[in-house]
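Below: the structure, in C-alpha cells.
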Amino acid sequence: MADQIIELLKNNKLCAKVVQAINDVYNYAGTLHDNPTDDMEEDLERFGEESRWEEAWWRAETFGEVERIKKAFRQDVFEKLSKPRRISFEEIVEAFLSLAKPGEYSWPGLESEDFDNTYEIFINYVNNHILSYRRSTPFPICLVPDDGKDYEWEDTLWSKNGVRLHLLGRSYFKRIHGGKLFHLLAAVDGHMSNAACEWLQAEIGRTLPSVIRSVALLDPVKNTNRGPQHIEELPLASEPLLQRKKVLIQRSLDAYYSEPTKKDSIDRRIRNAVHLLIESDEQSNDAVGLALSIVAVDALLGEKGTEMTEKLADNVAVLLEPKLSKRNNTTKFVKDLCNLRSRALHGEKIEAESYTREQARHLAAGVLIGMISRRDFLHRLGNNPEGPQELLQGLREMRFDPGQPMGVDESNVRELWRS
C-alpha cells in the first residue's frame, strides 16, 4: 500500500506550486545578489564577498516567497495527514529547502536549475531517509503488581496509520508491603521521522496511562496492601485486565487520534472526553482536575438548554444504574459533584478536595467506558451509528425502566452512590 505522505507529496498541483515558488525565491535572491541593498553592502564589507550568495538567499528566504512553499506543504500535505502523524511539518519544509538551497560559495545558473528534478529528489529523500523504520526507547505506561506469573506480550497492543504500539514487559519499580511493583513498558515503531518518533513516544506516554486509568478504575487491583492511589501517579492495573480490555484501550486511542467531525456525534463526544480526561489526569490542582472530569461527563451526556445539570444527572443515572430504587441516589451524587465543581472553581475550599476529584474521575471513567462499549455493541449488531440525540432520547425513555442500555455493562462505578 502506498505511503500516504508520499502520495500527498506527489500531487501534481502541489509540485507545480512549490516549483514556481522556489523559482521566485531564486529570482528574488538573484536580484538581491546583483543589486544589493545598503545594509547588504555593509554585511559584505564585514564578512567578505564570499557571503554574497548566502546573504542574498537568507534575505530571499526571510522576506521573499518561502512562505508560499510553507503554506503549500502545510495545507496540501501536513493538514491532510491522518493521525498519528509520522512526520513533522518542519521536517518536510527543511528537507525540501536543504535540497533546493544553493551551495555556500556557488550560485547555480537560473536557466539550468531543474526544480522539477529537485522535487523528485526531495520525494525520494523523504521516502528513503526521513521515513525510515524507527523504534522508540521503552517508556512506562502503568504499574503492575507481582502476581507470580509471567505474561508474554508479543502482539501489537494498538496500531493506526503505520504506527504500532507494543507492550514489552515489566521493569522493576519498587518493593511494597507484601510484594513488588513493576513498570509495564511499551514502545512505538513504524516508518516515521526521528522527530515524529520522539513526539509519539512522549504523546502516547501521557495518553495511554490516562486510557488505562479509565479501565482500571472500573476493575481495580485488589490486595496489593498499597493504600489509595493518587491520580498524579501512573495507574495501577493487572496485566490480565489489560488483555481483557484491549479493545476498549484501542477504541480510546483511536478516538484520541481521530479527526473531529463537524457535527455533533457520539464519536466526537468520545474524542473530546478522552482529551479532557488526559488533561484532568495531568493537573496538579485538584479543583481543576475535578472540573475537567465533570466537563468530560458533560461532553458525553450533556444537553443544551435549561436544567442542564438535572438532565445530565438523569442521563448518567439511566446509563450506569440498573436499579430504579438507586437512581435517585445517582442523580443526587452527580448534582452534588457538579455543585462541588462550581464551588471549587470559584475559590471555595472544598473538604476532601482530592477525594472528590478521584470520585469525579471514577464517574467519568464509568460514563466513557459505557459509551464506548455501547457504540461497539451496536456496531457488532450491524446497526447504523447512533447519534447523540438518539441516545439521549433513548435514555429519557428508559428513565423509569430497570436495567441499562444495551451494550453497557454493570461496573463498580455504582459503589460511588451506593456506599
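Starting from 1 in every chain, residues are counted up; chains themselves are A, B, ... following the order of the C-alpha cells, and ligands are numbered from 1 as listed.
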
Q: Taking the chain letters and numbering used in this document, name the residues of segment 131-225 of chain A that DSSP puts in helix (DSSP H, G or I), as a VMD selection string.
A: chain A and resid 194 to 217

File of the preceding selection, N, CA and C atoms, as a CSV table (one decimal), in the first residue's frame:
chain,number,residue,atom,x,y,z
A,194,ASN,N,12.5,10.9,12.7
A,194,ASN,CA,13.1,10.9,14.0
A,194,ASN,C,12.3,11.8,15.0
A,195,ALA,N,11.9,13.0,14.5
A,195,ALA,CA,11.2,13.9,15.4
A,195,ALA,C,9.8,13.3,15.7
A,196,ALA,N,9.1,12.6,14.7
A,196,ALA,CA,7.8,12.0,15.0
A,196,ALA,C,7.9,10.9,16.0
A,197,CYS,N,9.0,10.1,15.9
A,197,CYS,CA,9.2,9.0,16.8
A,197,CYS,C,9.3,9.5,18.3
A,198,GLU,N,10.1,10.6,18.4
A,198,GLU,CA,10.3,11.2,19.7
A,198,GLU,C,9.0,11.8,20.2
A,199,TRP,N,8.3,12.5,19.3
A,199,TRP,CA,7.0,13.1,19.7
A,199,TRP,C,6.0,12.1,20.1
A,200,LEU,N,5.9,11.0,19.3
A,200,LEU,CA,4.9,10.0,19.6
A,200,LEU,C,5.2,9.2,20.9
A,201,GLN,N,6.5,9.0,21.2
A,201,GLN,CA,6.8,8.4,22.4
A,201,GLN,C,6.3,9.2,23.6
A,202,ALA,N,6.5,10.6,23.5
A,202,ALA,CA,6.1,11.4,24.6
A,202,ALA,C,4.6,11.5,24.7
A,203,GLU,N,3.9,11.6,23.5
A,203,GLU,CA,2.5,11.8,23.5
A,203,GLU,C,1.7,10.5,23.9
A,204,ILE,N,2.1,9.4,23.4
A,204,ILE,CA,1.5,8.1,23.9
A,204,ILE,C,1.9,7.8,25.3
A,205,GLY,N,3.0,8.3,25.7
A,205,GLY,CA,3.4,8.1,27.1
A,205,GLY,C,2.6,8.9,28.1
A,206,ARG,N,1.9,9.9,27.6
A,206,ARG,CA,0.9,10.6,28.5
A,206,ARG,C,-0.5,10.3,28.2
A,207,THR,N,-0.8,9.8,27.0
A,207,THR,CA,-2.2,9.4,26.6
A,207,THR,C,-2.6,8.1,27.2
A,208,LEU,N,-1.7,7.1,27.0
A,208,LEU,CA,-2.1,5.7,27.3
A,208,LEU,C,-2.3,5.5,28.8
A,209,PRO,N,-1.5,6.1,29.7
A,209,PRO,CA,-1.8,5.9,31.1
A,209,PRO,C,-3.2,6.4,31.5
A,210,SER,N,-3.6,7.5,30.9
A,210,SER,CA,-5.0,8.0,31.2
A,210,SER,C,-6.0,7.0,30.7
A,211,VAL,N,-5.8,6.5,29.5
A,211,VAL,CA,-6.7,5.5,29.0
A,211,VAL,C,-6.8,4.2,29.9
A,212,ILE,N,-5.6,3.8,30.3
A,212,ILE,CA,-5.6,2.6,31.2
A,212,ILE,C,-6.2,2.9,32.6
A,213,ARG,N,-6.1,4.2,33.0
A,213,ARG,CA,-6.7,4.5,34.3
A,213,ARG,C,-8.2,4.4,34.2
A,214,SER,N,-8.8,4.8,33.1
A,214,SER,CA,-10.2,4.7,32.9
A,214,SER,C,-10.7,3.2,33.0
A,215,VAL,N,-10.0,2.3,32.4
A,215,VAL,CA,-10.5,0.9,32.5
A,215,VAL,C,-10.1,0.3,33.9
A,216,ALA,N,-9.0,0.7,34.5
A,216,ALA,CA,-8.5,0.2,35.7
A,216,ALA,C,-9.4,0.6,36.9
A,217,LEU,N,-9.9,1.8,36.8
A,217,LEU,CA,-10.8,2.3,37.9
A,217,LEU,C,-12.1,1.5,38.0

So which bits of segment 129-360 of chain A end up strand (DSSP E or B) when you DSSP the backbone, as a ChimeraX atom specification? /A:133-135,139-145,156-160,163-176,179-191,236

Preceding selection exported with C-alpha atoms as a PDB file, in the first residue's frame:
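Everything below was put into part_3.pdb:
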ATOM      1  CA  TYR A 133      11.939   2.357  10.270  1.00  0.00           C
ATOM      2  CA  ARG A 134      12.315   3.577  13.829  1.00  0.00           C
ATOM      3  CA  ARG A 135      11.512   2.210  17.253  1.00  0.00           C
ATOM      4  CA  PHE A 139       8.642   4.014  28.325  1.00  0.00           C
ATOM      5  CA  PRO A 140       6.392   3.127  31.307  1.00  0.00           C
ATOM      6  CA  ILE A 141       2.610   3.224  30.880  1.00  0.00           C
ATOM      7  CA  CYS A 142       1.321   1.826  34.179  1.00  0.00           C
ATOM      8  CA  LEU A 143       2.226  -0.056  37.325  1.00  0.00           C
ATOM      9  CA  VAL A 144       1.561  -3.781  37.613  1.00  0.00           C
ATOM     10  CA  PRO A 145       1.753  -5.935  40.749  1.00  0.00           C
ATOM     11  CA  THR A 156       0.701  -5.323  18.958  1.00  0.00           C
ATOM     12  CA  LEU A 157      -1.490  -3.588  21.511  1.00  0.00           C
ATOM     13  CA  TRP A 158      -2.637  -0.919  19.032  1.00  0.00           C
ATOM     14  CA  SER A 159      -1.837   0.352  15.558  1.00  0.00           C
ATOM     15  CA  LYS A 160      -3.011   3.214  13.392  1.00  0.00           C
ATOM     16  CA  VAL A 163       2.338   3.455  13.872  1.00  0.00           C
ATOM     17  CA  ARG A 164       2.362   0.413  16.159  1.00  0.00           C
ATOM     18  CA  LEU A 165       2.325   0.264  19.942  1.00  0.00           C
ATOM     19  CA  HIS A 166       3.941  -2.753  21.579  1.00  0.00           C
ATOM     20  CA  LEU A 167       3.941  -3.854  25.207  1.00  0.00           C
ATOM     21  CA  LEU A 168       7.415  -5.070  26.140  1.00  0.00           C
ATOM     22  CA  GLY A 169       7.041  -6.488  29.631  1.00  0.00           C
ATOM     23  CA  ARG A 170       7.976  -5.486  33.157  1.00  0.00           C
ATOM     24  CA  SER A 171      10.742  -3.415  34.666  1.00  0.00           C
ATOM     25  CA  TYR A 172      11.258  -3.480  38.433  1.00  0.00           C
ATOM     26  CA  PHE A 173       9.979  -0.319  40.146  1.00  0.00           C
ATOM     27  CA  LYS A 174       9.930  -0.788  43.915  1.00  0.00           C
ATOM     28  CA  ARG A 175       9.037  -3.132  46.747  1.00  0.00           C
ATOM     29  CA  ILE A 176       5.834  -2.601  48.691  1.00  0.00           C
ATOM     30  CA  GLY A 179       5.206  -7.807  47.177  1.00  0.00           C
ATOM     31  CA  LYS A 180       6.716  -5.808  44.340  1.00  0.00           C
ATOM     32  CA  LEU A 181       5.515  -3.294  41.824  1.00  0.00           C
ATOM     33  CA  PHE A 182       6.763  -3.153  38.251  1.00  0.00           C
ATOM     34  CA  HIS A 183       6.529  -0.650  35.451  1.00  0.00           C
ATOM     35  CA  LEU A 184       4.895  -2.097  32.360  1.00  0.00           C
ATOM     36  CA  LEU A 185       6.930  -0.847  29.417  1.00  0.00           C
ATOM     37  CA  ALA A 186       5.827  -0.009  25.889  1.00  0.00           C
ATOM     38  CA  ALA A 187       7.426   1.219  22.667  1.00  0.00           C
ATOM     39  CA  VAL A 188       6.182   2.668  19.380  1.00  0.00           C
ATOM     40  CA  ASP A 189       7.593   1.797  15.989  1.00  0.00           C
ATOM     41  CA  GLY A 190       6.965   2.267  12.295  1.00  0.00           C
ATOM     42  CA  HIS A 191       8.290   4.114   9.266  1.00  0.00           C
ATOM     43  CA  LEU A 236      -2.176   0.536  38.800  1.00  0.00           C
TER      44      LEU A 236
END

The residue from A:Ala95, A:Ile369, A:Val221, A:Val66 with the smallest atom-to-atom distance to Ala21 of chain A, counting only C-alpha atoms, is A:Val66

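Comparing A:Lys71, A:Lys80, A:His346, A:Lys10 by their smallest distance to Ile121 of chain A, the closest is A:Lys10 (using only C-alpha atoms).
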
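The protein and nucleic acid residues lying at most 10 Å from segment 393-402 of chain A are Leu301, Lys311, Asp314, Asn315, Val316, Ala317, Val318, Leu319, Glu321, Pro322, Lys323, Leu324, Ser325, Arg327, Gly387, Pro388, Gln389, Glu390, Leu391, Gln404 and Pro405 of chain A, with only C-alpha atoms considered and sequence neighbours fewer than 2 positions away removed.
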
Who sits within 8 Å of segment 366-368 of chain A, only C-alpha atoms, same chain under 6 positions skipped, as number ranges by chain: A: 214, 218, 270, 273-274, 297, 300, 316, 319-320, 411, 413

**Request:** Please identify all polymer residues within 12 Å of Ser98 of chain A, counting only C-alpha atoms, omitting same-chain residues fewer than 2 positions from it, and present them as a VMD selection string.
**Result:** chain A and resid 22 61 90 to 96 100 to 104 118 to 119 121 to 122 125 to 126

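Between Ala2 of chain A and the candidates A:Pro235, A:Gly162, A:Pro36, A:Gly370, the tightest atom-to-atom separation, counting only C-alpha atoms, involves A:Gly162.
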
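Those residues that approach Phe377 of chain A to within 10 Å, counting only C-alpha atoms, are Met371, Ile372, Gly382, Asn383, Met406, Gly407 and Val408 of chain A; same-chain residues fewer than 5 positions away are not listed.
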
Counting only C-alpha atoms, closest pick from A:Gly148, A:Pro220, A:Pro84, A:Pro260 relative to Ser238 of chain A is A:Pro220

Of A:Leu234, A:Ala16, A:Leu248, A:Ala365, the one nearest to Glu282 of chain A when counting only C-alpha atoms is A:Leu234

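Among the candidate residues A:Arg85, A:Arg251, A:Arg52, A:Lys245, the one lying nearest to Asn35 of chain A is A:Arg52, with distances computed using only C-alpha atoms.
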
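The gap separating atom CA of Ala255 of chain A from atom CA of Asp267 of chain A is 7.0 Å, in Å to one decimal.
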
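The spacing separating atom CA of Tyr355 of chain A from atom CA of Ser342 of chain A amounts to 16.0 Å.
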
Correct to one decimal, the distance atom CA of Ile5 of chain A-atom CA of Ser88 of chain A is 10.9 Å
